[in-house]
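*Asks:* Provided below: structure_27.txt, containing compact mmCIF, N, CA and C atoms.
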# COMPACT_ATOMS: atom_id res chain seq x y z
N MET A 21 -16.28 24.61 21.55
CA MET A 21 -15.51 23.71 20.72
C MET A 21 -14.46 24.50 19.96
N LYS A 22 -13.25 24.07 20.09
CA LYS A 22 -12.15 24.75 19.42
C LYS A 22 -11.97 24.17 18.02
N SER A 23 -11.75 25.06 17.07
CA SER A 23 -11.52 24.63 15.69
C SER A 23 -10.03 24.43 15.48
N GLU A 24 -9.66 23.30 14.89
CA GLU A 24 -8.27 22.96 14.63
C GLU A 24 -8.04 22.89 13.13
N ASP A 25 -6.89 23.38 12.69
CA ASP A 25 -6.51 23.28 11.29
C ASP A 25 -6.17 21.83 11.00
N ASN A 26 -6.77 21.25 9.96
CA ASN A 26 -6.57 19.83 9.69
C ASN A 26 -5.13 19.48 9.36
N ASP A 27 -4.31 20.42 8.88
CA ASP A 27 -2.91 20.11 8.57
C ASP A 27 -2.14 19.69 9.82
N ARG A 28 -2.57 20.16 10.97
CA ARG A 28 -1.88 19.82 12.21
C ARG A 28 -2.48 18.60 12.90
N THR A 29 -3.69 18.23 12.55
CA THR A 29 -4.39 17.18 13.30
C THR A 29 -4.54 15.86 12.58
N VAL A 30 -4.66 15.90 11.24
CA VAL A 30 -4.87 14.67 10.49
C VAL A 30 -4.02 14.65 9.23
N ILE A 31 -3.83 13.44 8.69
CA ILE A 31 -3.13 13.26 7.42
C ILE A 31 -4.17 12.87 6.38
N LEU A 32 -4.27 13.68 5.35
CA LEU A 32 -5.15 13.39 4.21
C LEU A 32 -4.23 13.11 3.04
N SER A 33 -4.15 11.85 2.63
CA SER A 33 -3.19 11.44 1.60
C SER A 33 -3.56 11.92 0.20
N GLN A 34 -4.83 11.77 -0.18
CA GLN A 34 -5.30 12.12 -1.52
C GLN A 34 -6.63 12.87 -1.41
N PRO A 35 -6.87 13.83 -2.29
CA PRO A 35 -8.14 14.59 -2.22
C PRO A 35 -9.39 13.72 -2.30
N LYS A 36 -9.33 12.57 -3.00
CA LYS A 36 -10.53 11.74 -3.12
C LYS A 36 -10.73 10.81 -1.92
N ASP A 37 -9.80 10.79 -0.96
CA ASP A 37 -9.95 9.95 0.23
C ASP A 37 -11.21 10.35 1.00
N ASN A 38 -11.90 9.36 1.58
CA ASN A 38 -13.05 9.66 2.43
C ASN A 38 -12.73 9.45 3.90
N VAL A 39 -11.45 9.17 4.19
CA VAL A 39 -10.96 9.07 5.57
C VAL A 39 -9.62 9.81 5.67
N ALA A 40 -9.28 10.21 6.88
CA ALA A 40 -7.98 10.79 7.18
C ALA A 40 -7.45 10.10 8.42
N THR A 41 -6.14 10.20 8.65
CA THR A 41 -5.49 9.54 9.79
C THR A 41 -5.12 10.57 10.85
N ALA A 42 -5.47 10.29 12.10
CA ALA A 42 -5.19 11.21 13.20
C ALA A 42 -3.69 11.26 13.50
N LYS A 43 -3.13 12.47 13.58
CA LYS A 43 -1.72 12.66 13.93
C LYS A 43 -1.51 12.59 15.44
N PHE A 44 -2.57 12.80 16.19
CA PHE A 44 -2.57 12.67 17.64
C PHE A 44 -4.00 12.40 18.08
N PRO A 45 -4.23 12.03 19.33
CA PRO A 45 -5.61 11.72 19.75
C PRO A 45 -6.55 12.91 19.52
N LEU A 46 -7.71 12.63 18.94
CA LEU A 46 -8.72 13.65 18.70
C LEU A 46 -9.86 13.44 19.69
N LYS A 47 -10.27 14.49 20.34
CA LYS A 47 -11.34 14.41 21.33
C LYS A 47 -12.69 14.69 20.70
N ALA A 48 -13.72 14.01 21.19
CA ALA A 48 -15.08 14.28 20.73
C ALA A 48 -15.39 15.75 20.94
N GLY A 49 -16.00 16.37 19.93
CA GLY A 49 -16.36 17.77 20.02
C GLY A 49 -15.39 18.70 19.32
N MET A 50 -14.17 18.22 19.04
CA MET A 50 -13.22 19.06 18.31
C MET A 50 -13.78 19.35 16.92
N LEU A 51 -13.47 20.53 16.40
CA LEU A 51 -13.85 20.89 15.05
C LEU A 51 -12.61 20.90 14.18
N LEU A 52 -12.64 20.17 13.08
CA LEU A 52 -11.54 20.15 12.12
C LEU A 52 -11.94 21.00 10.93
N THR A 53 -11.11 21.96 10.58
CA THR A 53 -11.38 22.85 9.46
C THR A 53 -10.49 22.49 8.29
N PHE A 54 -11.10 22.29 7.13
CA PHE A 54 -10.38 21.89 5.93
C PHE A 54 -10.36 23.03 4.93
N SER A 55 -9.49 22.91 3.93
CA SER A 55 -9.43 23.93 2.89
C SER A 55 -10.80 24.05 2.24
N GLY A 56 -11.15 25.24 1.85
CA GLY A 56 -12.48 25.47 1.29
C GLY A 56 -13.51 25.77 2.36
N GLY A 57 -13.08 25.78 3.63
CA GLY A 57 -13.97 26.13 4.73
C GLY A 57 -14.80 25.00 5.30
N LYS A 58 -14.63 23.78 4.78
CA LYS A 58 -15.39 22.64 5.30
C LYS A 58 -14.95 22.35 6.74
N THR A 59 -15.92 22.11 7.62
CA THR A 59 -15.65 21.80 9.02
C THR A 59 -16.32 20.49 9.38
N ILE A 60 -15.59 19.66 10.10
CA ILE A 60 -16.12 18.38 10.58
C ILE A 60 -15.96 18.34 12.09
N GLU A 61 -17.03 17.96 12.79
CA GLU A 61 -16.96 17.78 14.23
C GLU A 61 -16.58 16.33 14.53
N VAL A 62 -15.57 16.14 15.38
CA VAL A 62 -15.17 14.81 15.80
C VAL A 62 -16.27 14.28 16.72
N ARG A 63 -16.88 13.15 16.36
CA ARG A 63 -18.04 12.62 17.09
C ARG A 63 -17.68 11.70 18.25
N GLU A 64 -16.46 11.15 18.20
CA GLU A 64 -16.01 10.25 19.25
C GLU A 64 -14.49 10.31 19.30
N GLU A 65 -13.91 9.83 20.37
CA GLU A 65 -12.45 9.87 20.47
C GLU A 65 -11.82 9.05 19.35
N ILE A 66 -10.83 9.64 18.69
CA ILE A 66 -10.08 8.97 17.63
C ILE A 66 -8.64 8.90 18.11
N ARG A 67 -8.13 7.70 18.31
CA ARG A 67 -6.75 7.53 18.80
C ARG A 67 -5.73 7.84 17.72
N PHE A 68 -4.51 8.15 18.16
CA PHE A 68 -3.40 8.40 17.25
C PHE A 68 -3.28 7.26 16.23
N GLY A 69 -3.16 7.61 14.96
CA GLY A 69 -2.97 6.61 13.91
C GLY A 69 -4.24 5.97 13.40
N HIS A 70 -5.37 6.30 14.00
CA HIS A 70 -6.64 5.72 13.56
C HIS A 70 -7.33 6.65 12.56
N LYS A 71 -8.31 6.11 11.84
CA LYS A 71 -8.96 6.85 10.76
C LYS A 71 -10.26 7.51 11.23
N ILE A 72 -10.52 8.69 10.64
CA ILE A 72 -11.75 9.43 10.89
C ILE A 72 -12.45 9.63 9.54
N ALA A 73 -13.77 9.46 9.54
CA ALA A 73 -14.54 9.67 8.31
C ALA A 73 -14.63 11.16 8.00
N LEU A 74 -14.38 11.50 6.74
CA LEU A 74 -14.45 12.90 6.31
C LEU A 74 -15.82 13.26 5.76
N ARG A 75 -16.56 12.27 5.35
CA ARG A 75 -17.92 12.47 4.85
C ARG A 75 -18.71 11.19 5.14
N LYS A 76 -20.00 11.25 4.93
CA LYS A 76 -20.85 10.08 5.17
C LYS A 76 -20.44 8.98 4.19
N ILE A 77 -20.24 7.77 4.74
CA ILE A 77 -19.89 6.61 3.93
C ILE A 77 -20.99 5.58 4.15
N PRO A 78 -21.86 5.39 3.16
CA PRO A 78 -22.98 4.44 3.33
C PRO A 78 -22.51 2.99 3.53
N LYS A 79 -23.39 2.17 4.09
CA LYS A 79 -23.12 0.75 4.28
C LYS A 79 -22.76 0.11 2.93
N ASN A 80 -21.79 -0.80 2.95
CA ASN A 80 -21.30 -1.54 1.78
C ASN A 80 -20.59 -0.66 0.75
N SER A 81 -20.13 0.51 1.19
CA SER A 81 -19.41 1.42 0.30
C SER A 81 -17.90 1.31 0.54
N PRO A 82 -17.11 1.70 -0.46
CA PRO A 82 -15.66 1.62 -0.28
C PRO A 82 -15.12 2.68 0.68
N VAL A 83 -14.10 2.27 1.43
CA VAL A 83 -13.32 3.20 2.25
C VAL A 83 -12.08 3.52 1.41
N ILE A 84 -11.85 4.80 1.16
CA ILE A 84 -10.76 5.23 0.29
C ILE A 84 -9.67 5.92 1.11
N LYS A 85 -8.45 5.38 1.05
CA LYS A 85 -7.28 5.96 1.70
C LYS A 85 -6.12 5.80 0.72
N TYR A 86 -5.22 6.75 0.67
CA TYR A 86 -4.12 6.76 -0.31
C TYR A 86 -4.66 6.80 -1.74
N GLY A 87 -5.89 7.26 -1.91
CA GLY A 87 -6.51 7.27 -3.23
C GLY A 87 -6.96 5.91 -3.70
N GLU A 88 -6.88 4.90 -2.83
CA GLU A 88 -7.21 3.52 -3.19
C GLU A 88 -8.27 2.96 -2.24
N ARG A 89 -8.99 1.99 -2.72
CA ARG A 89 -9.98 1.28 -1.90
C ARG A 89 -9.23 0.37 -0.93
N ILE A 90 -9.46 0.55 0.39
CA ILE A 90 -8.79 -0.29 1.39
C ILE A 90 -9.76 -1.19 2.13
N GLY A 91 -11.04 -0.98 1.94
CA GLY A 91 -12.02 -1.80 2.64
C GLY A 91 -13.43 -1.41 2.24
N LYS A 92 -14.39 -2.05 2.88
CA LYS A 92 -15.81 -1.81 2.62
C LYS A 92 -16.51 -1.67 3.96
N THR A 93 -17.41 -0.70 4.05
CA THR A 93 -18.12 -0.48 5.31
C THR A 93 -19.13 -1.58 5.59
N THR A 94 -19.30 -1.90 6.86
CA THR A 94 -20.30 -2.88 7.27
C THR A 94 -21.54 -2.18 7.82
N GLN A 95 -21.45 -0.86 7.96
CA GLN A 95 -22.57 -0.03 8.41
C GLN A 95 -22.30 1.39 7.91
N THR A 96 -23.31 2.23 7.94
CA THR A 96 -23.12 3.62 7.55
C THR A 96 -22.22 4.31 8.59
N ILE A 97 -21.26 5.09 8.10
CA ILE A 97 -20.34 5.83 8.96
C ILE A 97 -20.55 7.31 8.68
N GLU A 98 -20.82 8.07 9.73
CA GLU A 98 -21.07 9.51 9.61
C GLU A 98 -19.75 10.29 9.68
N PRO A 99 -19.72 11.50 9.11
CA PRO A 99 -18.52 12.33 9.21
C PRO A 99 -18.12 12.53 10.67
N GLY A 100 -16.83 12.40 10.95
CA GLY A 100 -16.34 12.59 12.31
C GLY A 100 -16.29 11.34 13.16
N GLU A 101 -16.79 10.22 12.62
CA GLU A 101 -16.77 8.96 13.37
C GLU A 101 -15.51 8.17 13.09
N LEU A 102 -15.16 7.31 14.04
CA LEU A 102 -14.03 6.40 13.91
C LEU A 102 -14.31 5.39 12.80
N VAL A 103 -13.29 5.16 11.97
CA VAL A 103 -13.36 4.14 10.92
C VAL A 103 -12.35 3.08 11.30
N HIS A 104 -12.85 1.90 11.67
CA HIS A 104 -11.96 0.85 12.19
C HIS A 104 -12.62 -0.51 11.98
N ILE A 105 -12.06 -1.55 12.58
CA ILE A 105 -12.52 -2.92 12.33
C ILE A 105 -13.96 -3.19 12.76
N HIS A 106 -14.54 -2.34 13.61
CA HIS A 106 -15.93 -2.55 14.03
C HIS A 106 -16.93 -2.12 12.96
N ASN A 107 -16.47 -1.34 11.95
CA ASN A 107 -17.40 -0.89 10.92
C ASN A 107 -16.84 -0.99 9.50
N VAL A 108 -15.70 -1.69 9.35
CA VAL A 108 -15.07 -1.87 8.04
C VAL A 108 -14.51 -3.28 7.92
N VAL A 109 -14.63 -3.84 6.73
CA VAL A 109 -13.98 -5.11 6.40
C VAL A 109 -12.85 -4.76 5.44
N GLY A 110 -11.63 -5.17 5.78
CA GLY A 110 -10.48 -4.87 4.94
C GLY A 110 -10.50 -5.66 3.64
N GLU A 111 -9.92 -5.06 2.60
CA GLU A 111 -9.86 -5.72 1.29
C GLU A 111 -8.46 -5.76 0.73
N ARG A 112 -7.53 -5.03 1.28
CA ARG A 112 -6.18 -4.98 0.73
C ARG A 112 -5.53 -6.35 0.83
N GLY A 113 -4.94 -6.78 -0.27
CA GLY A 113 -4.23 -8.04 -0.28
C GLY A 113 -5.12 -9.26 -0.48
N LYS A 114 -6.42 -9.04 -0.63
CA LYS A 114 -7.34 -10.17 -0.83
C LYS A 114 -7.64 -10.31 -2.31
N ARG A 115 -7.67 -11.54 -2.77
CA ARG A 115 -8.02 -11.80 -4.17
C ARG A 115 -9.53 -11.83 -4.32
N LYS A 116 -9.99 -11.45 -5.50
CA LYS A 116 -11.42 -11.50 -5.80
C LYS A 116 -11.88 -12.95 -5.97
N SER A 117 -11.02 -13.78 -6.60
CA SER A 117 -11.37 -15.18 -6.78
C SER A 117 -10.13 -16.03 -6.53
N ARG A 118 -10.35 -17.26 -6.24
CA ARG A 118 -9.25 -18.17 -5.98
C ARG A 118 -9.05 -19.07 -7.19
N THR A 119 -7.81 -19.30 -7.53
CA THR A 119 -7.46 -20.16 -8.64
C THR A 119 -6.68 -21.35 -8.09
N ARG A 120 -7.11 -22.54 -8.45
CA ARG A 120 -6.39 -23.72 -8.00
C ARG A 120 -5.18 -23.94 -8.91
N VAL A 121 -4.09 -24.25 -8.28
CA VAL A 121 -2.86 -24.49 -9.03
C VAL A 121 -2.43 -25.93 -8.74
N LYS A 122 -2.19 -26.70 -9.79
CA LYS A 122 -1.72 -28.07 -9.61
C LYS A 122 -0.21 -28.04 -9.55
N VAL A 123 0.31 -28.73 -8.58
CA VAL A 123 1.76 -28.81 -8.41
C VAL A 123 2.20 -30.18 -8.90
N LYS A 124 3.15 -30.19 -9.84
CA LYS A 124 3.67 -31.46 -10.35
C LYS A 124 4.69 -31.99 -9.36
N LYS A 125 4.63 -33.31 -9.14
CA LYS A 125 5.57 -33.95 -8.22
C LYS A 125 6.69 -34.59 -8.97
Is it possible to give me this structure as structure tokens?
*Replies:*
Amino acid sequence: MKSEDNDRTVILSQPKDNVATAKFPLKAGMLLTFSGGKTIEVREEIRFGHKIALRKIPKNSPVIKYGERIGKTTQTIEPGELVHIHNVVGERGKRKSRTRVKVKK
């Protein structure tokens, strides 16, 4: 398994993010090395522009990208796994509650 510098392989927007975005397709078995010596093995193919988990994200936990919560996991996601619609429910642009508005005619 070849180790790749994460600066060339993924985009990490904010240090508190728990996902990064692939700059090009990542193959299962690749090792991504991060500052501080942390290494993550890619567990499955990650297509260009898709997200990879940087650490374990438990079920019903927030997915953090751009330093902001973008969704919630529907199952536990292990480091190196694909983070996508099969294991995340998006939250961006959704209201917590709905307010009825009366329109005057």
*Asks:* Which polymer residues have any atom within 8 Å of an atom of range 63-77 of chain A, counting only N, CA and C atoms, with same-chain residues fewer than 6 positions away left out, as a VMD selection string?
*Replies:* chain A and resid 37 to 50 83 93 95 to 104
*Asks:* What is the atom C of Val109 in chain A-atom N of Pro82 in chain A distance in Å, reported with one decimal?
*Replies:*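 For atom C of Val109 in chain A relative to atom N of Pro82 in chain A, the distance reads 9.7 Å.
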*Asks:* Could you work out an axis-aligned bounding box for all listed atoms of range 75-79 of chain A, with 5 Å added on each of the six sides, and give its centre and edge lengths in Å to one decimal, as AutoDock Vina command-line options?
*Replies:*
--center_x -20.0 --center_y 6.3 --center_z 4.1 --size_x 16.8 --size_y 22.4 --size_z 12.4
*Asks:* Interatomic distance between atom C of Arg89 in chain A and atom C of Ile60 in chain A?
*Replies:*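 Here the two named atoms are 23.2 Å from each other.
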*Asks:* To one decimal place in Å, what is the distance between atom C of Asn80 in chain A and atom C of Thr94 in chain A?
*Replies:*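 One can read the atom C of Asn80 in chain A to atom C of Thr94 in chain A distance as 7.3 Å.
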*Asks:* Just asking: which residues within range 61-119 of chain A are strand (DSSP E or B) according to DSSP, as a PyMOL selection string?
*Replies:* chain A and resi 61+66+71-73+77+82-85+88-93+97+102-103+108-110
*Asks:* If you count only N, CA and C atoms, which residues fall within 6 Å of range 33-36 of chain A, apart from same-chain ones fewer than 2 positions away, as a list of chain:residue names?
*Replies:*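 Once the nearby chain positions are removed, what remains is A:Ile31, A:Asn38, A:Ile84, A:Tyr86, A:Gly87.
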*Asks:* Just the helix (DSSP H, G or I) stuff from chain A, please, per backbone DSSP, written as a ChimeraX atom specification.
*Replies:* /A:26-29,55-57
*Asks:* Find the residue from A:Val123, A:Pro78, A:Arg28, A:Gly110 that sits nearest to Ile90 in chain A; use all atoms listed in the file when measuring.
*Replies:*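 Result for the nearest residue to Ile90 in chain A: A:Gly110.
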